[in-house]
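Encoded as structure tokens, the structure appears first; notes follow it.
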Amino acid sequence: MPTVPFGHALRLHRVRAGLSLSELSARVHYSSPYLSRVESGERRPNPELARLCDVALGADGALTGLVPAHGLPAPVGRRPPAVPPVAQFPSTTACPVTLPADDDTEDARLISHYALHLAELRRLAQRMSPSAVLGQVGTSVILLDTLGRAAHTSAVRRQYVELLAHYADFAGWMAQEADDEPAAERWIARTEVLAAEAGATDLADHTLIRRACLALYRRDARGVVEYATEAGRRAPGSPRVRGLAALREAQGLALAGHADACDGALDRAAELLGTAPRPRPPALSVGSEVTPRLPALVGGWCLHDLGRPEEAAERLGSGLLLVPARSQRLRSLFTARLAQSLATCGRLDALVPVVDTLLRDSAGLCSHTVRTELRSLAVSLRRRYARPHMRELHARVTAALHCAGCAPPV
């Protein structure tokens, strides 16, 4: 039996336990950088660390058994399989899963299970911290990668790879929401590779729209437009992807102040998304479930950037009526933009109930995108300190910005 690297096993148990390196560090009293080097194989673990990690992660001695005492070789016994780090997949797996030969029924059951699991994670992501959801995604990615490598036919392998691509796409979104852009970039790149391998061209093209979104929050208008335009060019046969690309292009054009071109992109998006066929089941669809309702919301978003807050508030308010309550993360994002528009145009009486709703709905989401909008709102409110109720509102928004769960990743 091949020796399993301790770092790989430690990472697997940590991911299964849903702990970050910082949280594990607090439990075992070793620094996060040291633990990171142990996981990557740069540092050798000692028996004490292995025992502490066994207890902290409930590994039942599996980690201690991998660390030789006094220079003796590690005993053969219970050893977890070697696992790749999240968002990276080696070309081979030391201990592939064992399935009955040509058991299509078992593969179909597993693929269906993980597709439904992804749908459930997407629902949870609408009301939970992205960091909590990402722990579950990482574990599923590791298992799906192993199952895909053990597939007996190329057709089954392709199904596992396509499912992996959708998990990676979702992880990229969650990493962005957790304010970890480097991780988001890695997941997006991995999505593109997996989607191309599986022949999922819509998803591969959609990675450009994901990159455009990252550029949007860097306020890189040119980058947004270039990525979105390329996505639309690559997907001539997909009205849904072209429509989503046109929406993102409109946001970039609004950021750059090009009103007429922005209006043209919004009109194009509404037409494309209005004629796009119904997507595949939710777990394997490109974009969100509310995609057909996005043109009104994105139109309001763009009007705010174009300096037309009154029109923006009207369009955002009517657009939000079309979004289901369960889409809490998306609702919070556009409600934050609505609050900004109301503050900008001085509709302060209407602003108070909107901010009340925003702070209630966004509590616990730990959303980087919502937090970005809240920062701009806080600046607008600070300018209105002369009004006592604006001072109170500013204090509440500022408190929401300092949520401990929303701290940037270590």
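Here's how to read the names in the structure tokens: chain A, B, ... by the order shown, residue numbers from 1 in each chain, ligand numbers from 1 in the order shown.
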Margin query: Residues within 10 Å of A:Ser40, please, as a PyMOL selection string. Count only C-alpha atoms; anything in the same chain fewer than 5 positions from it doesn't count.
Written below: chain A and resi 5-8+10-11+34-35+85
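Comparing A:Leu143, A:Cys366, A:Ala9, A:Ala259 by their smallest distance to A:Gly41, the closest is A:Ala9 (using only C-alpha atoms).
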Sorted by chain and rising residue number, which residues of stretch 296-348 of chain A lie within 12 Å of stretch 177-186 of chain A, and what are their closest atom pairs and distances in Å to one decimal, counting only C-alpha atoms, as a tab-separated table?
residue	atom	partner	partner_atom	distance
A:Arg329	CA	A:Glu177	CA	9.7
A:Leu330	CA	A:Glu177	CA	11.3
A:Leu333	CA	A:Glu177	CA	11.0
Checklist line | Atomic distance atom CA of A:Arg109 - atom CA of A:Leu163, expressed in Å with one decimal | finding: 13.2 Å
Notebook entry, point to check: Could you name the residues that touch stretch 236-248 of chain A at 10 Å or less, counting only C-alpha atoms, but leaving out those on the same chain fewer than 3 positions away, as a VMD selection string?
Noted result: chain A and resid 201 to 203 205 to 206 208 to 210 212 to 213 216 224 to 225 227 to 233 251 to 254 262 264 to 279 286 to 287 291 to 292 294 to 295 297 to 299 302
If you run DSSP on the backbone here, which positions in stretch 176-391 of chain A get helix (DSSP H, G or I)? Please write them as a short mmCIF file (atom, residue, chain, number, x, y, z; two decimals) with C-alpha atoms, in the first residue's frame.
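out29.cif was written with the following content:
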data_model
loop_
_atom_site.label_atom_id
_atom_site.label_comp_id
_atom_site.auth_asym_id
_atom_site.auth_seq_id
_atom_site.Cartn_x
_atom_site.Cartn_y
_atom_site.Cartn_z
CA GLN A 176 -15.70 36.03 -4.62
CA GLU A 177 -18.45 36.47 -2.05
CA GLU A 181 -10.29 37.02 -5.39
CA PRO A 182 -7.18 34.85 -5.95
CA ALA A 183 -9.20 31.76 -5.00
CA ALA A 184 -12.05 32.90 -7.22
CA GLU A 185 -9.64 33.25 -10.14
CA ARG A 186 -8.30 29.75 -9.56
CA TRP A 187 -11.78 28.23 -9.42
CA ILE A 188 -12.82 30.10 -12.58
CA ALA A 189 -9.76 28.84 -14.43
CA ARG A 190 -10.48 25.30 -13.26
CA THR A 191 -14.11 25.61 -14.36
CA GLU A 192 -12.99 26.56 -17.85
CA VAL A 193 -10.67 23.55 -18.13
CA LEU A 194 -13.25 21.07 -16.79
CA ALA A 195 -16.11 22.50 -18.88
CA ALA A 196 -14.01 22.28 -22.04
CA GLU A 197 -13.09 18.67 -21.25
CA ALA A 198 -16.76 17.78 -20.70
CA THR A 201 -19.39 25.00 -23.99
CA ASP A 202 -22.01 27.26 -22.35
CA LEU A 203 -20.32 26.89 -18.97
CA ALA A 204 -16.85 27.38 -20.48
CA ASP A 205 -18.02 30.61 -22.14
CA HIS A 206 -19.69 31.72 -18.90
CA THR A 207 -16.30 31.80 -17.15
CA LEU A 208 -15.60 35.02 -19.07
CA ILE A 209 -18.71 36.54 -17.48
CA ARG A 210 -17.39 35.46 -14.07
CA ARG A 211 -14.12 37.22 -14.82
CA ALA A 212 -16.04 40.29 -15.94
CA CYS A 213 -17.77 40.30 -12.55
CA LEU A 214 -14.42 40.32 -10.75
CA ALA A 215 -13.35 43.23 -12.95
CA LEU A 216 -16.59 45.06 -12.12
CA TYR A 217 -15.75 45.06 -8.41
CA ALA A 221 -14.76 49.20 -16.82
CA ARG A 222 -12.60 48.29 -19.79
CA GLY A 223 -11.97 44.79 -18.42
CA VAL A 224 -15.69 44.24 -17.83
CA VAL A 225 -16.59 45.20 -21.39
CA GLU A 226 -13.78 43.18 -22.98
CA TYR A 227 -14.56 39.99 -21.05
CA ALA A 228 -18.31 40.32 -21.61
CA THR A 229 -17.95 41.08 -25.32
CA GLU A 230 -15.71 38.06 -25.80
CA ALA A 231 -18.22 35.84 -23.96
CA GLY A 232 -20.99 36.99 -26.30
CA ARG A 233 -18.81 36.42 -29.34
CA ARG A 234 -17.89 32.89 -28.28
CA PRO A 239 -29.10 33.10 -26.16
CA ARG A 240 -28.79 32.66 -22.39
CA VAL A 241 -25.02 33.14 -22.28
CA ARG A 242 -25.18 35.98 -24.80
CA GLY A 243 -27.91 37.65 -22.76
CA LEU A 244 -25.93 37.36 -19.53
CA ALA A 245 -22.86 38.68 -21.32
CA ALA A 246 -24.85 41.67 -22.60
CA LEU A 247 -26.01 42.47 -19.06
CA ARG A 248 -22.43 42.44 -17.79
CA GLU A 249 -21.32 44.51 -20.78
CA ALA A 250 -24.00 47.07 -19.90
CA GLN A 251 -22.63 47.35 -16.36
CA GLY A 252 -19.14 47.99 -17.72
CA LEU A 253 -20.41 50.58 -20.18
CA ALA A 254 -22.37 52.34 -17.41
CA LEU A 255 -19.26 52.37 -15.23
CA ALA A 259 -25.14 55.78 -21.71
CA ASP A 260 -26.27 55.07 -25.28
CA ALA A 261 -24.12 51.95 -25.65
CA CYS A 262 -25.31 50.78 -22.23
CA ASP A 263 -28.97 51.15 -23.26
CA GLY A 264 -28.24 49.15 -26.41
CA ALA A 265 -26.64 46.33 -24.43
CA LEU A 266 -29.59 46.25 -22.01
CA ASP A 267 -32.09 46.05 -24.88
CA ARG A 268 -30.07 43.24 -26.45
CA ALA A 269 -29.96 41.37 -23.15
CA ALA A 270 -33.72 41.65 -22.59
CA GLU A 271 -34.40 40.32 -26.08
CA LEU A 272 -31.97 37.42 -25.78
CA LEU A 273 -33.09 36.34 -22.31
CA GLY A 274 -36.72 36.64 -23.32
CA THR A 275 -36.21 34.13 -26.15
CA PRO A 282 -31.23 24.02 -11.62
CA ALA A 283 -28.08 22.22 -10.47
CA LEU A 284 -26.66 22.21 -14.01
CA THR A 291 -31.85 35.20 -14.83
CA PRO A 292 -34.98 36.14 -16.88
CA ARG A 293 -35.76 38.84 -14.27
CA LEU A 294 -32.28 40.35 -14.23
CA PRO A 295 -32.63 42.96 -17.03
CA ALA A 296 -34.83 45.23 -14.88
CA LEU A 297 -32.47 44.98 -11.91
CA VAL A 298 -29.28 45.44 -13.92
CA GLY A 299 -30.93 48.32 -15.76
CA GLY A 300 -31.50 50.05 -12.42
CA TRP A 301 -27.92 49.28 -11.39
CA CYS A 302 -26.63 50.92 -14.57
CA LEU A 303 -28.84 53.98 -14.20
CA HIS A 304 -27.28 54.62 -10.79
CA ASP A 305 -23.77 54.48 -12.26
CA PRO A 309 -30.62 57.83 -9.25
CA GLU A 310 -34.34 58.71 -9.41
CA GLU A 311 -34.85 56.43 -12.43
CA ALA A 312 -32.55 53.84 -10.88
CA ALA A 313 -34.60 53.72 -7.68
CA GLU A 314 -37.85 53.26 -9.61
CA ARG A 315 -36.47 50.47 -11.76
CA LEU A 316 -34.73 48.68 -8.88
CA GLY A 317 -37.83 48.89 -6.70
CA SER A 318 -40.06 47.36 -9.37
CA GLY A 319 -37.42 44.78 -10.31
CA LEU A 320 -37.04 43.56 -6.73
CA GLN A 328 -31.72 36.40 -0.36
CA ARG A 329 -28.15 37.05 -1.49
CA LEU A 330 -29.21 38.52 -4.83
CA ARG A 331 -32.03 40.52 -3.22
CA SER A 332 -29.60 42.00 -0.69
CA LEU A 333 -27.17 43.05 -3.42
CA PHE A 334 -29.76 44.96 -5.43
CA THR A 335 -31.48 46.30 -2.31
CA ALA A 336 -28.12 47.81 -1.33
CA ARG A 337 -27.91 49.49 -4.74
CA LEU A 338 -31.50 50.73 -4.29
CA ALA A 339 -30.52 52.24 -0.93
CA GLN A 340 -27.60 54.02 -2.59
CA SER A 341 -29.88 55.45 -5.26
CA LEU A 342 -32.39 56.71 -2.68
CA ALA A 343 -29.61 58.29 -0.62
CA THR A 344 -28.09 59.92 -3.69
CA LEU A 348 -34.38 59.91 2.90
CA ASP A 349 -37.82 59.00 4.21
CA ALA A 350 -38.01 56.13 1.70
CA LEU A 351 -34.42 55.19 2.49
CA VAL A 352 -34.97 54.19 6.14
CA PRO A 353 -37.29 51.18 5.53
CA VAL A 354 -35.13 50.01 2.64
CA VAL A 355 -32.02 49.98 4.83
CA ASP A 356 -34.00 48.21 7.57
CA THR A 357 -34.86 45.47 5.07
CA LEU A 358 -31.30 45.36 3.73
CA LEU A 359 -29.65 44.94 7.13
CA ARG A 360 -32.14 42.27 8.14
CA ASP A 361 -31.81 40.26 4.91
CA SER A 362 -28.02 40.54 4.61
CA HIS A 368 -18.22 40.85 -0.21
CA THR A 369 -20.38 42.25 -3.02
CA VAL A 370 -23.08 43.46 -0.63
CA ARG A 371 -20.42 44.86 1.70
CA THR A 372 -18.93 46.84 -1.19
CA GLU A 373 -22.31 48.47 -1.78
CA LEU A 374 -22.73 49.11 1.96
CA ARG A 375 -19.42 50.98 2.07
CA SER A 376 -20.65 53.35 -0.64
CA LEU A 377 -23.93 53.75 1.21
CA ALA A 378 -22.07 54.61 4.42
CA VAL A 379 -20.21 57.38 2.59
CA SER A 380 -23.51 58.79 1.31
CA LEU A 381 -25.06 58.71 4.77
CA ARG A 382 -22.06 60.40 6.36
CA PRO A 388 -30.18 62.87 13.53
CA HIS A 389 -31.89 59.82 12.02
CA MET A 390 -29.20 59.69 9.32
CA ARG A 391 -26.51 59.54 12.02
#
Item checked: Separation of atom CA of A:Thr146 from atom CA of A:Val55 in Å ->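 That distance, rounded to one decimal, is 26.7 Å.
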Notebook entry, point to check: What does the distance between atom CA of A:Leu321 and atom CA of A:Leu393 come to in Å, to one decimal place?
Noted result: 24.0 Å
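Distance check against A:Leu134 using only C-alpha atoms: of A:Leu121, A:Ala50, A:Leu116, A:Leu306, the minimum falls on A:Leu121.
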Item checked: Nearest residue to A:Ala171 from the set A:Gly199, A:Pro324, A:Pro45, A:Pro130 (distances using only C-alpha atoms) -> A:Pro130
